[in-house]
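Structure below is start_18.txt: compact mmCIF, C-alpha atoms.
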```txt
# COMPACT_ATOMS: atom_id res chain seq x y z
CA MET A 983 -20.10 -10.80 35.61
CA PRO A 984 -16.36 -10.28 35.07
CA CYS A 985 -15.25 -10.10 31.47
CA ASP A 986 -12.01 -12.06 31.32
CA ALA A 987 -9.99 -13.43 28.40
CA LYS A 988 -12.37 -16.39 28.04
CA SER A 989 -15.41 -14.12 27.74
CA VAL A 990 -13.65 -11.97 25.15
CA ALA A 991 -12.61 -15.07 23.22
CA ALA A 992 -16.22 -16.32 23.31
CA ALA A 993 -17.39 -12.95 21.91
CA VAL A 994 -14.80 -13.17 19.12
CA LEU A 995 -15.93 -16.72 18.29
CA SER A 996 -19.54 -15.60 18.05
CA ALA A 997 -18.40 -12.74 15.81
CA ALA A 998 -16.63 -15.31 13.61
CA ASP A 999 -19.92 -17.25 13.38
CA THR A 1000 -21.75 -14.06 12.44
CA ILE A 1001 -19.26 -13.37 9.63
CA THR A 1002 -19.72 -16.91 8.34
CA ALA A 1003 -23.50 -16.50 8.42
CA HIS A 1004 -23.27 -13.20 6.53
CA ARG A 1005 -20.47 -14.19 4.15
CA ASP A 1006 -22.71 -14.25 1.07
CA GLU A 1007 -24.38 -10.96 1.97
CA LEU A 1008 -20.96 -9.27 2.27
CA VAL A 1009 -19.83 -10.82 -1.02
CA ARG A 1010 -22.95 -9.43 -2.75
CA LEU A 1011 -22.47 -5.97 -1.25
CA ASP A 1012 -18.82 -5.93 -2.33
CA GLN A 1013 -19.61 -7.23 -5.81
CA ALA A 1014 -21.85 -4.21 -6.29
CA VAL A 1015 -19.18 -1.60 -5.61
CA GLY A 1016 -15.81 -3.32 -5.11
CA ASP A 1017 -13.93 -6.46 -6.05
CA GLY A 1018 -16.35 -8.85 -4.36
CA ASP A 1019 -13.86 -10.41 -1.99
CA HIS A 1020 -14.86 -8.82 1.33
CA GLY A 1021 -17.17 -11.62 2.54
CA GLU A 1022 -14.78 -14.37 1.55
CA ASN A 1023 -11.66 -12.63 2.87
CA LEU A 1024 -13.22 -11.82 6.22
CA ASN A 1025 -14.76 -15.27 6.57
CA ARG A 1026 -11.42 -16.84 5.78
CA GLY A 1027 -9.58 -14.59 8.26
CA PHE A 1028 -12.05 -15.25 11.07
CA GLY A 1029 -11.84 -18.95 10.22
CA PHE A 1030 -8.15 -18.82 11.14
CA VAL A 1031 -9.02 -16.77 14.24
CA ARG A 1032 -11.56 -19.44 15.25
CA ALA A 1033 -8.99 -22.21 14.78
CA ALA A 1034 -6.39 -20.34 16.83
CA LEU A 1035 -8.79 -19.62 19.72
CA GLU A 1036 -10.11 -23.18 19.72
CA LYS A 1037 -6.54 -24.36 20.13
CA SER A 1038 -5.73 -22.11 23.07
CA ILE A 1039 -7.00 -18.89 24.59
CA PRO A 1040 -4.41 -16.25 25.54
CA ASP A 1041 -4.25 -15.07 29.16
CA THR A 1042 -5.69 -11.56 28.92
CA PRO A 1043 -8.43 -9.79 26.90
CA GLY A 1044 -5.71 -7.68 25.30
CA ALA A 1045 -3.76 -10.77 24.25
CA VAL A 1046 -6.91 -12.27 22.72
CA LEU A 1047 -7.44 -9.13 20.62
CA LYS A 1048 -3.78 -9.11 19.62
CA LEU A 1049 -4.10 -12.69 18.39
CA VAL A 1050 -7.16 -11.63 16.36
CA ALA A 1051 -5.16 -8.70 14.94
CA THR A 1052 -2.09 -10.66 13.87
CA THR A 1053 -4.22 -13.43 12.38
CA LEU A 1054 -6.33 -11.02 10.32
CA ILE A 1055 -3.24 -9.13 9.15
CA ALA A 1056 -1.58 -12.34 7.99
CA LYS A 1057 -4.61 -14.08 6.52
CA VAL A 1058 -6.87 -11.43 5.00
CA GLY A 1059 -5.58 -10.28 1.63
CA GLY A 1060 -7.89 -7.33 0.98
CA ALA A 1061 -8.04 -3.97 2.71
CA ALA A 1062 -9.99 -5.59 5.54
CA GLY A 1063 -6.83 -7.38 6.76
CA PRO A 1064 -4.68 -4.34 7.53
CA LEU A 1065 -7.72 -2.25 8.56
CA TYR A 1066 -9.35 -4.69 10.98
CA GLY A 1067 -5.90 -5.91 11.99
CA THR A 1068 -4.90 -2.39 12.95
CA ALA A 1069 -8.25 -1.84 14.73
CA PHE A 1070 -7.84 -4.95 16.88
CA LEU A 1071 -4.14 -4.21 17.45
CA ARG A 1072 -4.85 -0.68 18.71
CA ALA A 1073 -7.71 -1.98 20.85
CA ALA A 1074 -5.38 -4.62 22.29
CA THR A 1075 -2.82 -1.94 23.12
CA ALA A 1076 -5.53 0.12 24.85
CA LEU A 1077 -6.39 -2.86 27.06
CA GLY A 1078 -2.78 -3.38 28.04
CA ASP A 1079 -2.29 -6.42 30.28
CA ALA A 1080 -5.49 -5.92 32.28
CA SER A 1081 -6.89 -9.30 33.31
CA GLU A 1082 -10.48 -8.14 32.85
CA LEU A 1083 -12.23 -5.84 30.43
CA THR A 1084 -14.04 -2.93 32.10
CA ALA A 1085 -16.48 -0.34 30.73
CA ASP A 1086 -13.75 2.31 30.75
CA LEU A 1087 -11.27 0.07 28.97
CA LEU A 1088 -13.90 -0.82 26.38
CA VAL A 1089 -14.56 2.85 25.59
CA ALA A 1090 -10.80 3.42 25.26
CA ALA A 1091 -10.44 0.34 23.04
CA LEU A 1092 -13.22 1.46 20.67
CA ARG A 1093 -11.68 4.89 20.32
CA ALA A 1094 -8.22 3.41 19.78
CA ALA A 1095 -9.63 1.09 17.12
CA LEU A 1096 -11.19 4.01 15.28
CA SER A 1097 -8.03 6.09 15.37
CA GLY A 1098 -6.06 3.09 14.09
CA VAL A 1099 -8.41 2.57 11.16
CA VAL A 1100 -8.32 6.26 10.29
CA ALA A 1101 -4.51 6.32 10.45
CA ARG A 1102 -4.23 3.21 8.28
CA GLY A 1103 -6.84 3.95 5.64
CA LYS A 1104 -6.82 7.78 5.69
CA ALA A 1105 -10.61 7.80 5.35
CA GLU A 1106 -12.91 10.38 6.90
CA PRO A 1107 -16.59 10.17 7.82
CA GLY A 1108 -18.63 10.48 4.65
CA ASP A 1109 -16.11 8.68 2.44
CA LYS A 1110 -18.40 5.58 2.36
CA THR A 1111 -16.15 3.25 4.34
CA MET A 1112 -16.09 1.36 7.62
CA VAL A 1113 -15.14 4.67 9.25
CA ASP A 1114 -18.79 5.71 8.78
CA ALA A 1115 -19.84 2.84 11.06
CA LEU A 1116 -16.93 2.94 13.49
CA THR A 1117 -16.97 6.69 14.15
CA PRO A 1118 -20.43 6.84 15.78
CA ALA A 1119 -19.74 3.50 17.48
CA ALA A 1120 -16.65 4.90 19.17
CA ASP A 1121 -18.80 7.63 20.72
CA ALA A 1122 -20.93 5.07 22.56
CA THR A 1123 -21.12 5.46 26.31
CA GLY A 1124 -22.71 3.51 29.14
CA THR A 1125 -22.05 2.16 32.60
CA THR A 1126 -21.71 -1.49 31.65
CA ILE A 1127 -19.90 -3.33 28.87
CA ALA A 1128 -23.22 -4.63 27.57
CA ASP A 1129 -24.74 -1.13 27.48
CA ILE A 1130 -21.77 0.33 25.64
CA LEU A 1131 -21.62 -2.46 23.08
CA THR A 1132 -25.38 -2.34 22.52
CA ALA A 1133 -25.18 1.40 21.87
CA ALA A 1134 -22.07 0.98 19.70
CA ALA A 1135 -23.72 -1.73 17.59
CA ALA A 1136 -26.85 0.36 17.01
CA ALA A 1137 -24.76 3.42 16.16
CA ALA A 1138 -22.60 1.36 13.79
CA GLN A 1139 -25.61 -0.02 11.94
CA ALA A 1140 -27.11 3.47 11.62
CA GLY A 1141 -23.73 4.69 10.40
CA ALA A 1142 -23.54 1.83 7.90
CA ASP A 1143 -27.05 2.62 6.63
CA SER A 1144 -26.00 6.23 6.14
CA THR A 1145 -23.41 5.07 3.57
CA VAL A 1146 -26.12 4.01 1.09
CA PRO A 1147 -26.62 7.38 -0.64
CA LEU A 1148 -22.95 8.35 -0.43
CA VAL A 1149 -20.48 8.49 -3.30
CA ALA A 1150 -17.35 6.55 -2.33
CA ARG A 1151 -14.17 8.57 -1.93
CA LYS A 1152 -11.87 5.82 -0.62
CA GLY A 1153 -11.23 2.20 -1.46
CA ARG A 1154 -12.01 0.24 -4.58
CA ALA A 1155 -15.57 1.63 -4.73
CA SER A 1156 -14.16 5.12 -5.32
CA TYR A 1157 -13.28 4.07 -8.89
CA LEU A 1158 -17.02 3.84 -9.53
CA GLY A 1159 -17.55 7.51 -8.69
CA GLU A 1160 -21.23 8.49 -8.78
CA ARG A 1161 -22.24 4.92 -9.56
CA SER A 1162 -21.26 3.88 -6.03
CA ALA A 1163 -24.24 5.81 -4.64
CA GLY A 1164 -27.27 3.68 -3.73
CA HIS A 1165 -25.20 0.82 -2.28
CA LEU A 1166 -24.46 -0.12 1.32
CA ASP A 1167 -20.72 -0.09 1.98
CA PRO A 1168 -19.57 -3.66 2.74
CA GLY A 1169 -16.89 -2.57 5.22
CA ALA A 1170 -19.35 -0.44 7.18
CA ARG A 1171 -21.78 -3.37 7.18
CA SER A 1172 -19.16 -5.84 8.45
CA THR A 1173 -18.18 -3.39 11.20
CA ALA A 1174 -21.81 -3.21 12.32
CA LEU A 1175 -22.10 -7.02 12.17
CA LEU A 1176 -18.99 -7.49 14.34
CA LEU A 1177 -20.11 -4.97 16.95
CA ASN A 1178 -23.59 -6.49 16.98
CA ALA A 1179 -22.10 -9.91 17.63
CA PHE A 1180 -19.97 -8.51 20.48
CA ALA A 1181 -23.08 -6.81 21.95
CA LYS A 1182 -25.08 -10.02 21.77
CA ALA A 1183 -22.28 -11.92 23.50
CA ALA A 1184 -22.11 -9.27 26.23
CA ASN A 1185 -25.86 -9.50 26.80
CA THR A 1186 -25.94 -13.25 27.30
CA MET B 222 25.56 -2.25 -1.75
CA ARG B 223 22.40 -1.03 -3.45
CA VAL B 224 18.87 -0.20 -2.38
CA GLY B 225 16.57 -3.18 -2.93
CA LEU B 226 13.01 -3.08 -4.22
CA VAL B 227 9.85 -4.95 -3.27
CA VAL B 228 6.87 -4.98 -5.62
CA VAL B 229 3.65 -5.44 -3.62
CA SER B 230 0.65 -6.40 -5.70
CA HIS B 231 -2.68 -8.18 -5.36
CA SER B 232 -1.59 -10.33 -8.28
CA ALA B 233 1.44 -12.62 -8.27
CA LYS B 234 1.71 -12.28 -12.05
CA LEU B 235 1.59 -8.51 -11.91
CA ALA B 236 4.28 -8.34 -9.22
CA GLU B 237 6.52 -10.72 -11.17
CA GLY B 238 5.97 -8.83 -14.41
CA VAL B 239 6.79 -5.47 -12.89
CA ALA B 240 9.89 -6.92 -11.24
CA GLU B 241 10.96 -8.45 -14.56
CA LEU B 242 10.48 -5.19 -16.43
CA ALA B 243 12.32 -3.10 -13.84
CA ALA B 244 15.18 -5.61 -13.61
CA GLN B 245 15.89 -5.21 -17.33
CA MET B 246 17.33 -1.79 -16.65
CA ALA B 247 18.88 -2.60 -13.30
CA PRO B 248 20.79 -5.87 -13.46
CA ASP B 249 22.46 -5.45 -10.08
CA VAL B 250 19.41 -4.43 -8.07
CA VAL B 251 17.56 -7.00 -5.98
CA ILE B 252 13.89 -6.69 -6.96
CA VAL B 253 11.58 -9.04 -5.10
CA PRO B 254 7.96 -9.56 -6.20
CA ALA B 255 5.42 -10.01 -3.40
CA GLY B 256 2.08 -10.57 -5.10
CA GLY B 257 -1.03 -12.60 -4.34
CA LEU B 258 -2.13 -14.48 -1.26
CA ASP B 259 -2.14 -18.29 -1.20
CA GLY B 260 -2.53 -18.50 -4.96
CA THR B 261 -5.42 -16.03 -5.16
CA LEU B 262 -5.69 -12.26 -5.53
CA GLY B 263 -4.72 -10.41 -2.37
CA THR B 264 -1.75 -9.01 -0.54
CA ASP B 265 0.19 -11.20 1.86
CA TYR B 266 1.66 -9.49 4.91
CA ASP B 267 4.03 -12.39 5.65
CA ALA B 268 5.22 -12.54 2.04
CA VAL B 269 5.87 -8.78 2.04
CA THR B 270 7.83 -9.03 5.30
CA THR B 271 9.90 -11.88 3.87
CA ALA B 272 10.45 -9.97 0.62
CA ILE B 273 11.75 -6.96 2.54
CA SER B 274 14.36 -9.17 4.25
CA SER B 275 15.43 -10.68 0.92
CA ALA B 276 15.73 -7.26 -0.74
CA GLN B 277 17.65 -5.76 2.16
CA ARG B 278 21.34 -5.53 1.33
CA GLY B 279 22.14 -2.86 3.87
CA ALA B 280 21.24 0.22 1.84
CA GLY B 281 17.49 0.08 2.50
CA VAL B 282 14.43 -1.19 0.68
CA ALA B 283 11.82 0.73 -1.30
CA LEU B 284 8.36 -0.83 -1.60
CA LEU B 285 6.05 -0.12 -4.53
CA TYR B 286 2.37 -1.12 -4.52
CA ASP B 287 -0.53 -1.46 -6.92
CA LEU B 288 -3.74 -0.45 -5.11
CA GLY B 289 -4.75 1.11 -1.79
CA SER B 290 -5.02 -2.04 0.28
CA ALA B 291 -1.60 -3.17 -0.95
CA LYS B 292 -0.26 0.12 0.41
CA MET B 293 -1.81 -0.66 3.79
CA THR B 294 -0.19 -4.08 3.86
CA ALA B 295 3.14 -2.55 2.81
CA ASP B 296 2.84 0.19 5.47
CA LEU B 297 2.11 -2.41 8.16
CA ALA B 298 5.04 -4.56 7.08
CA VAL B 299 7.41 -1.57 7.27
CA GLU B 300 6.02 -0.35 10.62
CA THR B 301 6.55 -3.77 12.17
CA LEU B 302 10.19 -4.09 11.06
CA GLY B 303 12.80 -4.14 13.78
CA ASP B 304 14.00 -0.80 12.37
CA PRO B 305 11.25 0.84 10.27
CA SER B 306 13.73 3.42 8.92
CA THR B 307 15.42 0.71 6.83
CA ALA B 308 12.50 0.55 4.39
CA ALA B 309 9.92 2.90 2.91
CA VAL B 310 6.71 2.67 0.95
CA VAL B 311 6.75 4.85 -2.16
CA ASP B 312 3.66 6.63 -3.44
CA ALA B 313 4.24 6.26 -7.15
CA PRO B 314 2.57 4.70 -10.17
CA LEU B 315 3.58 1.04 -9.99
CA VAL B 316 5.20 0.43 -13.36
CA GLU B 317 6.80 3.82 -13.95
CA GLY B 318 7.77 4.08 -10.28
CA ALA B 319 9.41 0.65 -10.25
CA VAL B 320 11.41 1.42 -13.38
CA ALA B 321 12.54 4.79 -12.07
CA ALA B 322 13.38 3.32 -8.65
CA ALA B 323 15.32 0.46 -10.21
CA VAL B 324 17.41 2.79 -12.36
CA ALA B 325 18.09 5.06 -9.37
CA ALA B 326 19.06 2.06 -7.25
CA GLN B 327 21.28 0.67 -10.01
CA ALA B 328 23.08 4.00 -10.05
CA GLY B 329 23.89 3.50 -6.38
CA GLY B 330 21.48 6.13 -5.09
CA SER B 331 20.50 6.30 -1.42
CA LEU B 332 17.07 5.17 -0.24
CA ASP B 333 15.89 8.80 -0.23
CA TYR B 334 17.16 9.27 -3.77
CA VAL B 335 15.45 6.10 -4.98
CA ILE B 336 12.18 7.15 -3.32
CA SER B 337 12.22 10.59 -4.89
CA ALA B 338 13.11 9.13 -8.30
CA ALA B 339 10.10 6.81 -8.07
CA ALA B 340 7.78 9.46 -6.68
CA SER B 341 8.57 11.84 -9.52
CA ALA B 342 8.22 9.10 -12.12
CA LEU B 343 5.01 10.53 -13.45
CA ALA B 344 6.62 13.89 -14.15
CA LEU B 345 6.33 13.00 -17.80
CA GLU B 346 5.47 16.52 -18.76
CA VAL B 347 8.46 17.96 -20.49
CA ASP B 348 8.82 21.69 -20.69
CA ASP B 349 8.42 23.59 -23.89
CA GLY B 350 11.38 25.62 -24.97
CA GLU B 351 14.82 25.33 -26.45
CA LEU B 352 18.08 25.53 -24.58
CA ASN B 353 21.35 26.78 -25.88
CA GLY B 354 23.52 23.79 -25.33
CA THR B 355 25.94 21.50 -27.04
CA GLU B 356 24.43 19.71 -30.00
CA PHE B 357 24.71 15.96 -30.44
CA VAL B 358 23.30 13.61 -33.05
CA LEU B 359 22.21 10.18 -31.84
CA THR B 360 23.78 7.60 -34.10
CA ASN B 361 22.66 4.50 -32.24
CA GLU B 362 20.02 2.29 -33.79
CA LEU B 363 16.96 3.16 -31.72
CA GLY B 364 17.43 6.67 -30.41
CA LEU B 365 16.91 7.66 -26.80
CA HIS B 366 14.91 4.61 -25.69
CA ALA B 367 14.86 3.08 -22.24
CA ARG B 368 18.38 1.69 -21.98
CA PRO B 369 20.21 4.72 -23.38
CA ALA B 370 18.08 6.96 -21.17
CA SER B 371 18.99 4.97 -18.06
CA ALA B 372 22.64 5.05 -19.15
CA VAL B 373 22.45 8.86 -19.22
CA VAL B 374 20.91 8.93 -15.72
CA ARG B 375 23.57 6.55 -14.41
CA ALA B 376 26.40 8.52 -16.01
CA LEU B 377 25.32 11.66 -14.18
CA THR B 378 25.16 10.05 -10.73
CA GLY B 379 27.36 11.78 -8.22
CA LEU B 380 27.87 14.89 -10.31
CA ASP B 381 26.91 18.30 -8.98
CA ALA B 382 25.23 19.60 -12.10
CA ASP B 383 21.80 20.33 -13.50
CA VAL B 384 21.58 18.81 -16.92
CA ALA B 385 18.79 19.38 -19.41
CA VAL B 386 18.22 17.77 -22.79
CA THR B 387 16.28 19.55 -25.52
CA TYR B 388 14.72 17.90 -28.55
CA ALA B 389 12.18 19.30 -31.01
CA GLY B 390 11.20 22.22 -28.83
CA LYS B 391 10.88 20.22 -25.60
CA THR B 392 13.22 20.05 -22.63
CA ALA B 393 13.70 17.17 -20.18
CA ASP B 394 15.61 16.69 -16.94
CA ALA B 395 18.51 14.40 -17.82
CA ARG B 396 18.31 12.74 -14.39
CA SER B 397 14.87 11.30 -15.06
CA VAL B 398 14.63 8.23 -17.29
CA LEU B 399 10.93 8.75 -17.90
CA ASN B 400 11.39 12.44 -18.59
CA LEU B 401 14.05 11.60 -21.17
CA LEU B 402 11.84 8.93 -22.71
CA ALA B 403 9.02 11.45 -22.99
CA LEU B 404 11.15 13.46 -25.43
CA GLY B 405 10.81 10.60 -27.90
CA VAL B 406 14.17 11.17 -29.57
CA PRO B 407 14.47 8.82 -32.58
CA ALA B 408 17.62 7.44 -34.16
CA GLY B 409 19.42 10.28 -35.90
CA GLY B 410 17.71 12.83 -33.64
CA ARG B 411 19.57 16.07 -32.88
CA ILE B 412 19.57 16.96 -29.19
CA GLN B 413 20.93 19.92 -27.28
CA VAL B 414 22.48 19.25 -23.91
CA ALA B 415 22.94 22.09 -21.45
CA ALA B 416 24.60 21.72 -18.06
CA THR B 417 25.06 24.14 -15.19
CA GLY B 418 26.82 23.75 -11.86
CA PRO B 419 30.35 22.92 -10.70
CA ASP B 420 30.47 19.56 -12.50
CA ALA B 421 28.85 20.81 -15.71
CA PRO B 422 31.94 20.19 -17.91
CA GLU B 423 32.28 16.61 -16.62
CA ALA B 424 28.55 15.99 -17.13
CA LEU B 425 28.79 17.12 -20.75
CA ASN B 426 31.93 15.09 -21.20
CA ARG B 427 30.25 11.92 -19.93
CA ILE B 428 27.20 12.38 -22.12
CA ALA B 429 29.42 13.08 -25.15
CA ASN B 430 31.28 9.84 -24.48
CA LEU B 431 28.07 7.86 -24.13
CA ILE B 432 26.69 9.20 -27.37
CA ALA B 433 30.02 8.68 -29.18
CA ARG B 434 29.95 4.98 -28.36
CA ASP B 435 26.23 4.67 -29.10
CA PHE B 436 25.40 4.12 -25.41
CA SER B 437 27.06 0.71 -25.48
```
Hey, can you dump this file as structure tokens for me?
Amino acid sequence: MPCDAKSVAAAVLSAADTITAHRDELVRLDQAVGDGDHGENLNRGFGFVRAALEKSIPDTPGAVLKLVATTLIAKVGGAAGPLYGTAFLRAATALGDASELTADLLVAALRAALSGVVARGKAEPGDKTMVDALTPAADATGTTIADILTAAAAAAQAGADSTVPLVARKGRASYLGERSAGHLDPGARSTALLLNAFAKAANT
Amino acid sequence: MRVGLVVVSHSAKLAEGVAELAAQMAPDVVIVPAGGLDGTLGTDYDAVTTAISSAQRGAGVALLYDLGSAKMTADLAVETLGDPSTAAVVDAPLVEGAVAAAVAAQAGGSLDYVISAAASALALEVDDGELNGTEFVLTNELGLHARPASAVVRALTGLDADVAVTYAGKTADARSVLNLLALGVPAGGRIQVAATGPDAPEALNRIANLIARDFS
């Protein structure tokens, strides 16, 4: 099945629903180690994304991701805005003006997203951030879009789980020092949730 | 034409307060607060972009930020300008950096100068040691507080001279407001001023004049 702009938009909308469903969980995770706004900020940002996509869907998969990027940048006030905004913007650039997403383009987009997040936030694996989920996800391979996203989602969740024992070295949680250990990083969790939603959409 | 400043904060009140404080020592510098997002805590990309345009008077804009995610928003706003070289995000403590940047901008410094003034704002450590210089006694009411210190920095702008001020066994760079403040010179304090470089006599002359008229 070809993966055109409409399919990508549908995947983004299901990701928006996932964020809404997990809003409270993300708030709780962020209250434990950060300022508690991650769930609300992300839910709010994806709410604006949902509204924009329900109004009209851009012509190409890349344009859909660019719309997601600019909306998140403008509407999400915490670190998630510039970080996810940059991730989607770099992914959009990797897709160029291709009319359909392919497995190769998807791999390139995931890697571009990771390098964008690293450039923006200056975090490395092990710092207890979304980079811990996105790094293994960007290594995902496969012959189909569904395979790649399924592998990426599983790798992201495993990466997110690996943040639990870590001491945060970036972001608001780093002010907690040793006390940040024992908590799941909210940004890593939301990255896993988004990729899982994309994988589910690709498998239906 | 002076460098403008943008204060990027998660809090509207914090951004406004920092802008207010910095403006006290830099009446001719455009300082635009960009804090909060839709009335709540957060940083607003669109507001930062708009603030950069308002602060831009042709000499560039320096952006100061409070916490990491505010830096990301500020970085994004600068990167997406038509010409990203017209603005720069400064890694500096927000309050001290804003004050130092404002004083440097008031003095007519270039964007690079303003950035380095802000970035070195935390260089509060003054060196131990006395200098053999010209002695002055401060006869103004409050000693070397913020406004006199910024007057000293402004007076030295454009001069090719290294100027150091010594008080009670400690020495400060006379081009740094915060360094001068760290000396804590009270009213009636005796300072030594030493200058080297081609414009050293003029630098001493200007400081002597300032002190003679009680920095007014």
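When only C-alpha atoms are used to measure the gap to B:Phe357, the shortest distance among B:Ile428, B:Ala319, B:Ile252, B:Ala403 belongs to B:Ile428.
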Counting all atoms listed in the file, collect the residues of chain B whose closest atom lies at most 10 Å from chain A, and write them out as an MDAnalysis selection string. chainID B and resid 231 257:259 261:268 288:298
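Using all atoms listed in the file, the protein and nucleic acid residues lying no more than 12 Å from A:Glu1007, apart from those fewer than 4 places from it along its own chain, are Thr1000, Ile1001, Thr1002, Ala1003, Leu1011, Asp1012, Gln1013, Ala1014, Gly1018, Asp1019, His1020, Gly1021, Glu1022, Leu1024, Asn1025, Leu1166, Asp1167, Pro1168, Gly1169, Arg1171, Ser1172 and Leu1175 of chain A.
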Residues as selected, C-alpha atoms, written as a PDB file, in the frame of the given file, can you do that?
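Heads up, here's the output in selection.pdb:
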```
ATOM      1  CA  THR A1000     -21.750 -14.060  12.440  1.00  0.00           C
ATOM      2  CA  ILE A1001     -19.260 -13.370   9.630  1.00  0.00           C
ATOM      3  CA  THR A1002     -19.720 -16.910   8.340  1.00  0.00           C
ATOM      4  CA  ALA A1003     -23.500 -16.500   8.420  1.00  0.00           C
ATOM      5  CA  LEU A1011     -22.470  -5.970  -1.250  1.00  0.00           C
ATOM      6  CA  ASP A1012     -18.820  -5.930  -2.330  1.00  0.00           C
ATOM      7  CA  GLN A1013     -19.610  -7.230  -5.810  1.00  0.00           C
ATOM      8  CA  ALA A1014     -21.850  -4.210  -6.290  1.00  0.00           C
ATOM      9  CA  GLY A1018     -16.350  -8.850  -4.360  1.00  0.00           C
ATOM     10  CA  ASP A1019     -13.860 -10.410  -1.990  1.00  0.00           C
ATOM     11  CA  HIS A1020     -14.860  -8.820   1.330  1.00  0.00           C
ATOM     12  CA  GLY A1021     -17.170 -11.620   2.540  1.00  0.00           C
ATOM     13  CA  GLU A1022     -14.780 -14.370   1.550  1.00  0.00           C
ATOM     14  CA  LEU A1024     -13.220 -11.820   6.220  1.00  0.00           C
ATOM     15  CA  ASN A1025     -14.760 -15.270   6.570  1.00  0.00           C
ATOM     16  CA  LEU A1166     -24.460  -0.120   1.320  1.00  0.00           C
ATOM     17  CA  ASP A1167     -20.720  -0.090   1.980  1.00  0.00           C
ATOM     18  CA  PRO A1168     -19.570  -3.660   2.740  1.00  0.00           C
ATOM     19  CA  GLY A1169     -16.890  -2.570   5.220  1.00  0.00           C
ATOM     20  CA  ARG A1171     -21.780  -3.370   7.180  1.00  0.00           C
ATOM     21  CA  SER A1172     -19.160  -5.840   8.450  1.00  0.00           C
ATOM     22  CA  LEU A1175     -22.100  -7.020  12.170  1.00  0.00           C
TER      23      LEU A1175
END
```
Would you mind listing what lies within 9 Å of A:Gly1044 as number ranges by chain, with all atoms listed in the file counted and same-chain residues fewer than 6 positions away left out? A: 987, 1071, 1073-1083
Next, write the just-selected residues to a file, as a PDB file, in the frame of the given file, keeping C-alpha atoms as the atom set.
```pdb
ATOM      1  CA  ALA A 987      -9.990 -13.430  28.400  1.00  0.00           C
ATOM      2  CA  LEU A1071      -4.140  -4.210  17.450  1.00  0.00           C
ATOM      3  CA  ALA A1073      -7.710  -1.980  20.850  1.00  0.00           C
ATOM      4  CA  ALA A1074      -5.380  -4.620  22.290  1.00  0.00           C
ATOM      5  CA  THR A1075      -2.820  -1.940  23.120  1.00  0.00           C
ATOM      6  CA  ALA A1076      -5.530   0.120  24.850  1.00  0.00           C
ATOM      7  CA  LEU A1077      -6.390  -2.860  27.060  1.00  0.00           C
ATOM      8  CA  GLY A1078      -2.780  -3.380  28.040  1.00  0.00           C
ATOM      9  CA  ASP A1079      -2.290  -6.420  30.280  1.00  0.00           C
ATOM     10  CA  ALA A1080      -5.490  -5.920  32.280  1.00  0.00           C
ATOM     11  CA  SER A1081      -6.890  -9.300  33.310  1.00  0.00           C
ATOM     12  CA  GLU A1082     -10.480  -8.140  32.850  1.00  0.00           C
ATOM     13  CA  LEU A1083     -12.230  -5.840  30.430  1.00  0.00           C
TER      14      LEU A1083
END
```
Using Å and a single decimal, report how far atom CA of B:Leu359 sits from atom CA of B:Ala244. 25.1 Å
Counting all atoms listed in the file, what is within 7 Å of B:Val282, bar same-chain residues fewer than 2 positions away, as a short mmCIF file (atom, residue, chain, number, x, y, z; two decimals) with C-alpha atoms, keeping the file's coordinate frame?
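Contents of the output file result_17.cif:
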```
data_model
loop_
_atom_site.label_atom_id
_atom_site.label_comp_id
_atom_site.auth_asym_id
_atom_site.auth_seq_id
_atom_site.Cartn_x
_atom_site.Cartn_y
_atom_site.Cartn_z
CA VAL B 224 18.87 -0.20 -2.38
CA GLY B 225 16.57 -3.18 -2.93
CA LEU B 226 13.01 -3.08 -4.22
CA ILE B 273 11.75 -6.96 2.54
CA ALA B 276 15.73 -7.26 -0.74
CA GLN B 277 17.65 -5.76 2.16
CA LEU B 284 8.36 -0.83 -1.60
CA THR B 307 15.42 0.71 6.83
CA ALA B 308 12.50 0.55 4.39
CA ALA B 309 9.92 2.90 2.91
CA LEU B 332 17.07 5.17 -0.24
#
```
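Atom CA of B:Thr270 sits 25.9 Å away from atom CA of A:Ser1038.
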What residues have an atom no more than 8 Å from (-12.6, -11.4, 27.6) in the file's own frame, counting all atoms listed in the file, and can you write them as an MDAnalysis selection string? chainID A and resid 985:993 1042:1043 1046 1082:1083
Within 10 Å of (-19.1, 6.5, 9.1) (file coordinates; all atoms listed in the file), which protein or nucleic acid residues are there? I'd like them as a list in words.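 Selection result: Ala1105, Glu1106, Pro1107, Gly1108, Asp1109, Lys1110, Thr1111, Met1112, Val1113, Asp1114, Ala1115, Leu1116, Thr1117, Pro1118, Ala1119, Ala1137, Ala1138, Gln1139, Ala1140, Gly1141, Ala1142, Asp1143, Ser1144, Thr1145, Asp1167 and Ala1170 of chain A.
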Take atom CA of B:Val316 and atom CA of B:Glu241 and report the distance between them in Å, one decimal.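 Pair atom CA of B:Val316 / atom CA of B:Glu241 returns 10.7 Å.
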Name the residues in contact with B:Ala342 at a cut-off of 7 Å, using all atoms listed in the file, excluding same-chain residues fewer than 5 positions from it; report them as a PyMOL selection string. chain B and resi 313+317-318+321+399
Excluding B:Gly409 and its own-chain neighbours fewer than 4 positions away, which residues fall within 7 Å of it when counting only C-alpha atoms? Please give them as a VMD selection string. chain B and resid 358 to 360 364
Pick the closest to B:Arg278 from B:Val239, B:Ala326, B:Val406, B:Leu315: which is it, counting only C-alpha atoms?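 For B:Arg278, the nearest of the given residues is B:Ala326.
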How big is the axis-aligned box, and where does its centre sit, when it encloses all atoms of stretch 1130-1147 of chain A listed in the file and has 3 Å added on every side, reported in Å to one decimal as AutoDock Vina command-line options?
```
--center_x -24.4 --center_y 2.5 --center_z 12.5 --size_x 11.5 --size_y 15.8 --size_z 32.3
```
